$ cat input_19.txt   # compact mmCIF, C-alpha atoms
# COMPACT_ATOMS: atom_id res chain seq x y z
CA MET O 1 57.89 156.07 144.46
CA LYS O 2 54.41 156.84 143.15
CA LEU O 3 51.69 155.31 145.29
CA PRO O 4 49.45 152.70 143.64
CA ARG O 5 46.30 154.82 143.87
CA ASN O 6 48.00 157.65 142.01
CA PHE O 7 49.67 155.57 139.31
CA PHE O 8 46.69 155.73 136.92
CA LYS O 9 45.72 159.35 137.57
CA PRO O 10 46.25 161.85 134.72
CA LEU O 11 49.37 163.95 135.26
CA ALA O 12 47.67 167.15 134.10
CA ALA O 13 44.17 168.54 134.51
CA GLY O 14 42.26 167.80 131.32
CA ALA O 15 44.61 165.09 130.06
CA PRO O 16 43.06 161.75 129.11
CA ALA O 17 43.07 159.03 131.75
CA PRO O 18 46.01 156.61 131.43
CA LEU O 19 45.25 153.20 129.99
CA ARG O 20 45.05 150.28 132.41
CA GLU O 21 45.61 147.71 129.65
CA LEU O 22 47.53 148.01 126.39
CA PRO O 23 45.41 148.03 123.24
CA VAL O 24 45.37 144.59 121.62
CA ARG O 25 47.25 145.24 118.39
CA LEU O 26 49.36 143.28 115.94
CA GLU O 27 52.86 144.79 115.86
CA ARG O 28 55.06 142.24 114.09
CA MET O 29 57.16 144.88 112.36
CA ILE O 30 57.83 148.53 113.18
CA HIS O 31 58.69 149.89 109.74
CA PHE O 32 60.96 152.93 109.76
CA VAL O 33 60.33 155.75 107.26
CA PRO O 34 62.60 158.80 106.75
CA PRO O 35 59.91 161.49 106.48
CA HIS O 36 62.13 164.15 104.92
CA ILE O 37 62.37 162.12 101.69
CA GLU O 38 59.26 162.78 99.60
CA LYS O 39 59.62 159.76 97.30
CA VAL O 40 59.49 157.55 100.40
CA THR O 41 56.56 159.29 102.08
CA ALA O 42 54.63 159.14 98.81
CA LYS O 43 54.54 155.35 99.23
CA VAL O 44 53.19 155.45 102.80
CA PRO O 45 49.48 155.03 101.92
CA GLN O 46 50.30 151.73 100.21
CA LEU O 47 52.85 150.81 102.89
CA ALA O 48 50.25 151.30 105.62
CA ARG O 49 48.26 148.39 104.15
CA GLU O 50 51.31 146.08 104.19
CA VAL O 51 52.88 146.65 107.63
CA ASP O 52 51.62 146.63 111.20
CA VAL O 53 53.32 149.88 112.31
CA VAL O 54 54.58 152.87 110.32
CA LEU O 55 57.21 154.85 112.23
CA GLY O 56 58.36 158.30 111.16
CA ASN O 57 62.02 158.47 112.16
CA LEU O 58 63.30 161.82 113.43
CA GLU O 59 66.49 160.67 115.18
CA ASP O 60 69.51 158.63 114.01
CA ALA O 61 69.96 158.47 110.21
CA ILE O 62 68.37 161.93 109.83
CA PRO O 63 71.07 164.56 109.13
CA ALA O 64 71.21 167.55 111.49
CA ASP O 65 70.23 169.95 108.71
CA ALA O 66 67.17 167.80 107.86
CA LYS O 67 65.69 167.49 111.36
CA LYS O 68 63.02 170.16 110.84
CA ALA O 69 62.19 168.82 107.37
CA ALA O 70 61.75 165.34 108.85
CA ARG O 71 59.44 166.63 111.57
CA ASP O 72 57.38 168.68 109.10
CA GLY O 73 57.31 165.76 106.67
CA PHE O 74 56.07 163.38 109.32
CA ILE O 75 53.26 165.74 110.34
CA ALA O 76 52.20 166.15 106.69
CA MET O 77 52.38 162.40 106.11
CA ALA O 78 50.30 161.68 109.22
CA LYS O 79 47.62 164.20 108.26
CA ALA O 80 47.37 162.97 104.67
CA THR O 81 47.17 159.22 105.35
CA ASP O 82 44.39 157.00 106.61
CA PHE O 83 46.29 154.39 108.61
CA GLY O 84 43.25 152.29 109.52
CA ALA O 85 44.32 149.53 111.92
CA THR O 86 48.03 150.21 111.24
CA GLY O 87 49.86 151.90 114.10
CA LEU O 88 51.37 155.37 113.67
CA TRP O 89 54.56 155.85 115.67
CA THR O 90 57.50 158.23 115.68
CA ARG O 91 61.02 158.06 117.06
CA ILE O 92 61.87 161.49 118.45
CA ASN O 93 65.35 162.80 119.11
CA ALA O 94 67.11 162.07 122.39
CA LEU O 95 66.17 164.11 125.45
CA ASN O 96 69.58 165.82 125.52
CA SER O 97 69.33 166.96 121.88
CA PRO O 98 68.46 170.49 120.65
CA TRP O 99 65.52 169.17 118.60
CA VAL O 100 63.52 167.08 121.04
CA LEU O 101 61.36 169.78 122.63
CA ASP O 102 60.12 170.95 119.23
CA ASP O 103 59.57 167.30 118.23
CA ILE O 104 57.26 166.70 121.18
CA THR O 105 55.38 169.99 121.27
CA GLU O 106 54.78 170.25 117.53
CA LEU O 107 53.75 166.63 117.03
CA VAL O 108 51.22 166.61 119.86
CA ALA O 109 49.77 169.94 118.71
CA ALA O 110 49.44 168.88 115.08
CA ILE O 111 48.64 165.14 115.15
CA GLY O 112 48.14 164.20 118.80
CA ASN O 113 44.87 162.41 118.09
CA LYS O 114 46.43 160.25 115.34
CA LEU O 115 49.76 159.46 117.00
CA ASP O 116 49.76 156.12 118.84
CA VAL O 117 53.30 155.81 120.23
CA ILE O 118 56.39 157.96 120.75
CA MET O 119 59.62 155.98 120.72
CA LEU O 120 62.18 157.50 123.07
CA PRO O 121 65.86 156.74 122.37
CA LYS O 122 68.74 156.29 124.79
CA VAL O 123 66.64 155.82 127.92
CA ASP O 124 68.90 155.58 130.97
CA GLY O 125 66.30 155.21 133.68
CA PRO O 126 62.71 155.82 134.77
CA TRP O 127 63.43 159.54 135.18
CA ASP O 128 63.55 159.90 131.39
CA ILE O 129 60.09 158.32 131.09
CA HIS O 130 58.72 160.48 133.95
CA TYR O 131 59.79 163.67 132.17
CA LEU O 132 58.17 162.68 128.88
CA ASP O 133 55.09 161.35 130.69
CA GLN O 134 54.44 164.66 132.46
CA LEU O 135 55.11 166.76 129.37
CA LEU O 136 52.80 164.65 127.21
CA ALA O 137 50.00 165.00 129.76
CA GLN O 138 50.35 168.78 129.76
CA LEU O 139 50.32 168.93 125.95
CA GLU O 140 47.42 166.48 125.65
CA ALA O 141 45.39 168.69 127.97
CA ARG O 142 46.30 171.84 126.04
CA HIS O 143 45.43 170.34 122.65
CA ALA O 144 42.39 168.27 123.70
CA VAL O 145 43.96 164.95 122.79
CA ARG O 146 41.36 162.28 123.46
CA LYS O 147 43.56 159.23 124.17
CA PRO O 148 46.96 159.00 125.85
CA ILE O 149 49.98 158.79 123.57
CA LEU O 150 52.03 155.77 124.64
CA ILE O 151 55.80 155.63 125.16
CA HIS O 152 58.20 153.02 123.77
CA ALA O 153 61.74 153.03 125.18
CA ILE O 154 64.89 151.96 123.35
CA LEU O 155 67.37 150.00 125.46
CA GLU O 156 70.69 151.23 124.12
CA THR O 157 72.87 152.26 127.06
CA ALA O 158 74.57 150.23 129.76
CA GLU O 159 72.78 152.35 132.37
CA GLY O 160 69.46 151.59 130.69
CA VAL O 161 70.14 147.84 130.83
CA MET O 162 70.96 148.15 134.52
CA ASN O 163 67.63 149.98 135.10
CA VAL O 164 65.43 148.09 132.64
CA GLU O 165 63.02 146.74 135.26
CA ALA O 166 62.36 150.24 136.60
CA ILE O 167 61.98 151.62 133.07
CA ALA O 168 59.41 148.96 132.16
CA ALA O 169 57.30 149.76 135.24
CA SER O 170 57.78 153.53 135.21
CA SER O 171 54.47 154.69 133.72
CA PRO O 172 51.09 153.42 132.48
CA ARG O 173 52.09 155.01 129.16
CA MET O 174 54.76 152.36 128.63
CA GLN O 175 53.93 150.36 125.49
CA GLY O 176 57.17 148.42 125.19
CA ILE O 177 60.94 148.37 124.91
CA SER O 178 63.20 147.67 121.93
CA LEU O 179 66.78 146.43 121.95
CA GLY O 180 69.08 149.04 120.38
CA PRO O 181 72.26 147.04 119.69
CA ALA O 182 74.40 149.64 117.92
CA ASP O 183 74.35 152.38 120.56
CA LEU O 184 74.39 149.76 123.30
CA ALA O 185 77.56 148.26 121.81
CA ALA O 186 79.20 151.69 121.87
CA SER O 187 78.00 152.36 125.43
CA ARG O 188 79.56 149.08 126.59
CA ALA O 189 82.75 149.55 124.56
CA MET O 190 81.98 146.32 122.73
CA LYS O 191 84.39 145.60 119.87
CA THR O 192 81.92 145.32 117.01
CA THR O 193 80.70 147.69 114.31
CA ARG O 194 77.71 145.51 113.39
CA VAL O 195 74.12 146.68 113.92
CA GLY O 196 72.50 143.65 115.53
CA GLY O 197 73.30 140.05 114.74
CA GLY O 198 76.18 137.93 115.90
CA HIS O 199 79.92 138.18 115.40
CA PRO O 200 82.15 135.41 113.99
CA GLU O 201 84.75 135.93 116.73
CA TYR O 202 82.24 135.62 119.59
CA LYS O 203 82.30 131.83 119.91
CA VAL O 204 83.03 128.79 122.00
CA LEU O 205 85.37 125.96 121.07
CA ALA O 206 84.53 122.29 121.36
CA ASP O 207 86.98 120.08 123.21
CA ALA O 208 90.05 119.02 121.26
CA PRO O 209 89.45 115.66 119.56
CA PRO O 210 91.55 112.69 120.75
CA GLY O 211 94.77 112.61 118.84
CA GLY O 212 94.59 116.26 117.83
CA GLY O 213 93.07 117.88 114.77
CA PRO O 214 90.88 120.95 114.26
CA ARG O 215 88.41 121.88 117.00
CA ALA O 216 84.83 122.71 116.13
CA ALA O 217 83.81 126.34 116.82
CA PHE O 218 80.31 127.64 117.39
CA GLN O 219 79.31 131.28 117.02
CA GLN O 220 77.40 132.68 119.98
CA ASP O 221 74.74 135.40 120.29
CA LEU O 222 76.10 138.72 121.58
CA TRP O 223 72.63 139.88 122.62
CA HIS O 224 71.16 136.85 124.35
CA TYR O 225 71.69 138.08 127.91
CA THR O 226 70.36 141.58 127.25
CA LEU O 227 67.38 140.36 125.26
CA GLY O 228 66.44 137.88 127.97
CA LYS O 229 66.69 140.54 130.68
CA MET O 230 64.57 142.93 128.60
CA VAL O 231 61.91 140.30 127.85
CA ASP O 232 61.58 139.44 131.55
CA ALA O 233 61.26 143.12 132.51
CA CYS O 234 58.57 143.69 129.88
CA ALA O 235 56.63 140.52 130.71
CA ALA O 236 56.63 141.37 134.42
CA ALA O 237 55.34 144.89 133.70
CA GLY O 238 52.73 143.78 131.14
CA ILE O 239 54.31 145.59 128.19
CA LYS O 240 55.82 144.36 124.91
CA PRO O 241 59.47 143.54 124.10
CA PHE O 242 60.83 144.03 120.57
CA TYR O 243 64.03 143.15 118.75
CA GLY O 244 65.46 146.29 117.21
CA PRO O 245 67.37 146.78 113.95
CA PHE O 246 69.35 144.31 111.87
CA GLY O 247 71.63 146.50 109.79
CA ASP O 248 73.02 144.12 107.16
CA PHE O 249 70.41 144.25 104.38
CA SER O 250 72.53 141.86 102.28
CA ASP O 251 72.11 139.05 104.84
CA PRO O 252 68.42 138.07 104.95
CA GLU O 253 69.25 134.68 106.49
CA GLY O 254 71.10 136.30 109.38
CA CYS O 255 68.23 138.74 109.85
CA GLU O 256 65.68 135.94 109.93
CA VAL O 257 67.63 133.95 112.52
CA GLN O 258 67.96 136.97 114.82
CA PHE O 259 64.27 137.82 114.44
CA ARG O 260 63.26 134.20 115.08
CA ASN O 261 65.44 133.84 118.17
CA ALA O 262 63.80 136.98 119.58
CA PHE O 263 60.32 135.70 118.64
CA LEU O 264 60.93 132.39 120.40
CA MET O 265 62.19 134.22 123.49
CA GLY O 266 59.00 136.27 123.70
CA CYS O 267 59.39 139.36 121.52
CA ALA O 268 56.26 140.72 119.84
CA GLY O 269 58.03 142.09 116.76
CA ALA O 270 61.14 143.72 115.33
CA TRP O 271 62.19 146.82 113.41
CA SER O 272 62.19 146.73 109.62
CA LEU O 273 64.61 149.25 108.14
CA HIS O 274 64.39 148.02 104.54
CA PRO O 275 61.40 146.79 102.52
CA THR O 276 62.92 143.30 102.28
CA GLN O 277 62.79 142.97 106.07
CA VAL O 278 59.01 143.47 106.15
CA ALA O 279 58.39 140.03 104.65
CA ILE O 280 60.95 138.48 107.03
CA ALA O 281 59.29 139.99 110.10
CA LYS O 282 55.84 139.03 108.86
CA ARG O 283 56.94 135.43 108.33
CA VAL O 284 58.82 135.11 111.61
CA TYR O 285 56.36 136.85 113.94
CA SER O 286 53.35 135.00 112.58
CA PRO O 287 53.10 131.57 114.26
CA ASP O 288 53.66 128.49 112.12
CA PRO O 289 50.37 126.88 110.99
CA GLN O 290 51.49 123.47 112.28
CA GLU O 291 52.26 124.98 115.69
CA VAL O 292 48.84 126.64 115.70
CA ALA O 293 47.11 123.37 114.78
CA PHE O 294 48.85 121.54 117.64
CA ALA O 295 48.12 124.36 120.08
CA ARG O 296 44.44 124.22 119.12
CA LYS O 297 44.44 120.48 119.86
CA ILE O 298 45.65 121.23 123.38
CA LEU O 299 43.01 123.89 123.98
CA ASP O 300 40.25 121.66 122.58
CA ALA O 301 41.34 118.72 124.77
CA MET O 302 41.53 120.87 127.93
CA PRO O 303 38.68 123.41 127.67
CA ASP O 304 39.12 124.72 131.22
CA GLY O 305 42.93 124.53 131.24
CA THR O 306 43.15 121.99 134.05
CA GLY O 307 44.21 118.38 134.33
CA ALA O 308 46.51 116.46 132.00
CA VAL O 309 46.02 114.72 128.65
CA MET O 310 48.14 112.84 126.11
CA ILE O 311 48.20 114.31 122.60
CA ASP O 312 50.32 112.70 119.86
CA GLY O 313 52.28 110.83 122.51
CA LYS O 314 53.12 113.97 124.52
CA MET O 315 51.78 114.88 127.94
CA GLN O 316 49.98 118.22 128.14
CA ASP O 317 48.98 119.97 131.36
CA ASP O 318 48.00 123.43 132.59
CA ALA O 319 51.45 124.84 131.79
CA THR O 320 51.37 123.71 128.15
CA TRP O 321 47.74 124.93 127.96
CA LYS O 322 49.02 128.43 128.79
CA GLN O 323 51.72 128.11 126.12
CA ALA O 324 49.14 126.96 123.59
CA LYS O 325 46.88 129.89 124.40
CA VAL O 326 49.72 132.34 123.67
CA VAL O 327 50.16 130.77 120.21
CA VAL O 328 46.46 130.64 119.38
CA ASP O 329 45.76 134.19 120.62
CA LEU O 330 48.56 135.52 118.40
CA ALA O 331 47.30 133.46 115.46
CA ARG O 332 43.84 135.02 115.84
CA LEU O 333 45.35 138.51 115.74
CA VAL O 334 47.34 137.62 112.63
CA ALA O 335 44.33 135.98 110.98
CA ALA O 336 42.26 139.14 111.43
CA LYS O 337 44.76 141.01 109.22
CA ASP O 338 46.00 138.28 106.85
CA PRO O 339 43.32 136.23 105.00
CA ASP O 340 45.90 133.77 103.60
CA LEU O 341 47.20 132.90 107.06
CA ALA O 342 43.66 132.84 108.43
CA ALA O 343 42.89 130.05 105.95
CA GLN O 344 46.05 128.15 106.90
CA TYR O 345 45.20 128.48 110.59
CA GLY O 346 41.67 127.23 109.98
CA PHE O 347 39.97 130.33 111.40

$ encode --input "input_19.txt" --output "structure tokens"
Amino acid sequence: MKLPRNFFKPLAAGAPAPLRELPVRLERMIHFVPPHIEKVTAKVPQLAREVDVVLGNLEDAIPADAKKAARDGFIAMAKATDFGATGLWTRINALNSPWVLDDITELVAAIGNKLDVIMLPKVDGPWDIHYLDQLLAQLEARHAVRKPILIHAILETAEGVMNVEAIAASSPRMQGISLGPADLAASRAMKTTRVGGGHPEYKVLADAPPGGGPRAAFQQDLWHYTLGKMVDACAAAGIKPFYGPFGDFSDPEGCEVQFRNAFLMGCAGAWSLHPTQVAIAKRVYSPDPQEVAFARKILDAMPDGTGAVMIDGKMQDDATWKQAKVVVDLARLVAAKDPDLAAQYGF
């Protein structure tokens, strides 16, 4: 166990000091880009104005013979684009792959001062984060990187779920954790080939009606337990939880429901794998104007967050004041990027 006094010390001489607080950033959607496809990367300058995070994907969905092209394409894309307030992330290959060492060393050398977050797949435990943490510090020192590159873990193995609390608290580099339902399903031997979302056969039956007849059935959420455990681990460690991919691009309603459930449970954003999912994530992870208006009423009525008041026939106290502050703080972040929503929020 690392002692508290050493937790925020740089892990290499000359590396930047670890952050004590995460940067305050809007990250409603992490938009995945395959950087080996030139017609896609050509659209990134425009895309960077429309999304909160652009992620160059180097792992799953990139063929083995295109791994180097994806890495080179991401570096070129990063150098050529002014991302402004939009985050620049990458998902590297897994630590047991033959490509990961080149991913890390070449990216930090070439674009270390532009890269905000490295997403690490298939994290089993804090030891995976410790390895990447130390290596990044050494490379940051070598290449004079001015700010620490953060780490985002993907929760997609049964061992990772078992160790999620330790993963979340493993390093000051930890930015957040995403649910990775497809690989997690395989790791658990779950009987589904869907990428995120529910399953029509995962359900509960209502009691049989008197006298017989058909029983009502209700589809359940395969990921509720894991998402709740992940959200708690992230909240306790002061990092951000995210819903991962929803693979059925032909089902926008299903995607929106999954994203909204995760938003209500505490997630900061979700992955967008297709342009149509950007608008869904933006709509879901931006608080509803009516909710914001009510939350502002609570804050206005209780300026110091103490006591109790009645608003629209409902009792509000210090606990609901804290809930209201979460909504209003998020709305202010959204308003700073979206003038239309800023007007609806009244900011």

$ residues_around --input "input_19.txt" --residues "O:Gly84" --least-positions-apart "4" --cutoff "10 Å" --atoms "only C-alpha atoms" --output "list in words"
Ala48, Arg49 and Leu88 of chain O

$ residues_around --input "input_19.txt" --residues "O:Ile129" --least-positions-apart "2" --cutoff "9 Å" --atoms "only C-alpha atoms" --output "MDAnalysis selection string"
chainID O and resid 120 123 125:127 131:134 151 153 167 170:171 173:174

$ closest_residue --input "input_19.txt" --among "O:Ala208, O:Ile298, O:Ala42, O:Ala281" --to "O:Ile30" --atoms "all atoms listed in the file"
O:Ala281

$ residues_around --input "input_19.txt" --residues "stretch 185-202 of chain O" --least-positions-apart "5" --cutoff "6 Å" --atoms "all atoms listed in the file" --output "ChimeraX atom specification"
/O:157-158,219-222,246-247

$ closest_residue --input "input_19.txt" --among "O:Met315, O:Met77, O:Leu205, O:Ile154" --to "O:Pro245" --atoms "all atoms listed in the file"
O:Ile154

$ residues_around --input "input_19.txt" --residues "stretch 2-17 of chain O" --least-positions-apart "3" --cutoff "7 Å" --atoms "all atoms listed in the file" --output "VMD selection string"
chain O and resid 134 137 to 138 140 to 141 146 to 148 172

$ closest_atom_pairs --input "input_19.txt" --of "stretch 187-296 of chain O" --to "stretch 32-39 of chain O" --cutoff "12 Å" --atoms "all atoms listed in the file" --output "JSON lines"
{"residue": "O:Gly244", "atom": "CA", "partner": "O:Phe32", "partner_atom": "CA", "distance": 10.9}
{"residue": "O:Pro245", "atom": "CA", "partner": "O:Phe32", "partner_atom": "CA", "distance": 9.8}
{"residue": "O:Ala270", "atom": "CA", "partner": "O:Phe32", "partner_atom": "CA", "distance": 10.8}
{"residue": "O:Trp271", "atom": "CA", "partner": "O:Phe32", "partner_atom": "CA", "distance": 7.2}
{"residue": "O:Ser272", "atom": "CA", "partner": "O:Phe32", "partner_atom": "CA", "distance": 6.3}
{"residue": "O:Leu273", "atom": "CA", "partner": "O:Phe32", "partner_atom": "CA", "distance": 5.4}
{"residue": "O:His274", "atom": "CA", "partner": "O:Phe32", "partner_atom": "CA", "distance": 7.9}
{"residue": "O:Pro275", "atom": "CA", "partner": "O:Phe32", "partner_atom": "CA", "distance": 9.5}
{"residue": "O:Gln277", "atom": "CA", "partner": "O:Phe32", "partner_atom": "CA", "distance": 10.8}
{"residue": "O:Val278", "atom": "CA", "partner": "O:Phe32", "partner_atom": "CA", "distance": 10.3}

$ closest_residue --input "input_19.txt" --among "O:Leu179, O:Val292, O:Ala335, O:Ala169" --to "O:Met1" --atoms "all atoms listed in the file"
O:Ala169

$ atom_distance --input "input_19.txt" --atom1 "atom CA of O:Leu47" --atom2 "atom CA of O:Lys282"
13.5 Å

$ atom_distance --input "input_19.txt" --atom1 "atom CA of O:Pro98" --atom2 "atom CA of O:Val164"
25.6 Å

$ residues_around --input "input_19.txt" --residues "O:Pro303" --least-positions-apart "5" --cutoff "12 Å" --atoms "all atoms listed in the file" --output "list in words"
Arg296, Lys297, Ile298, Ala308, Val309, Asp317, Asp318, Trp321, Lys322, Ala324 and Lys325 of chain O
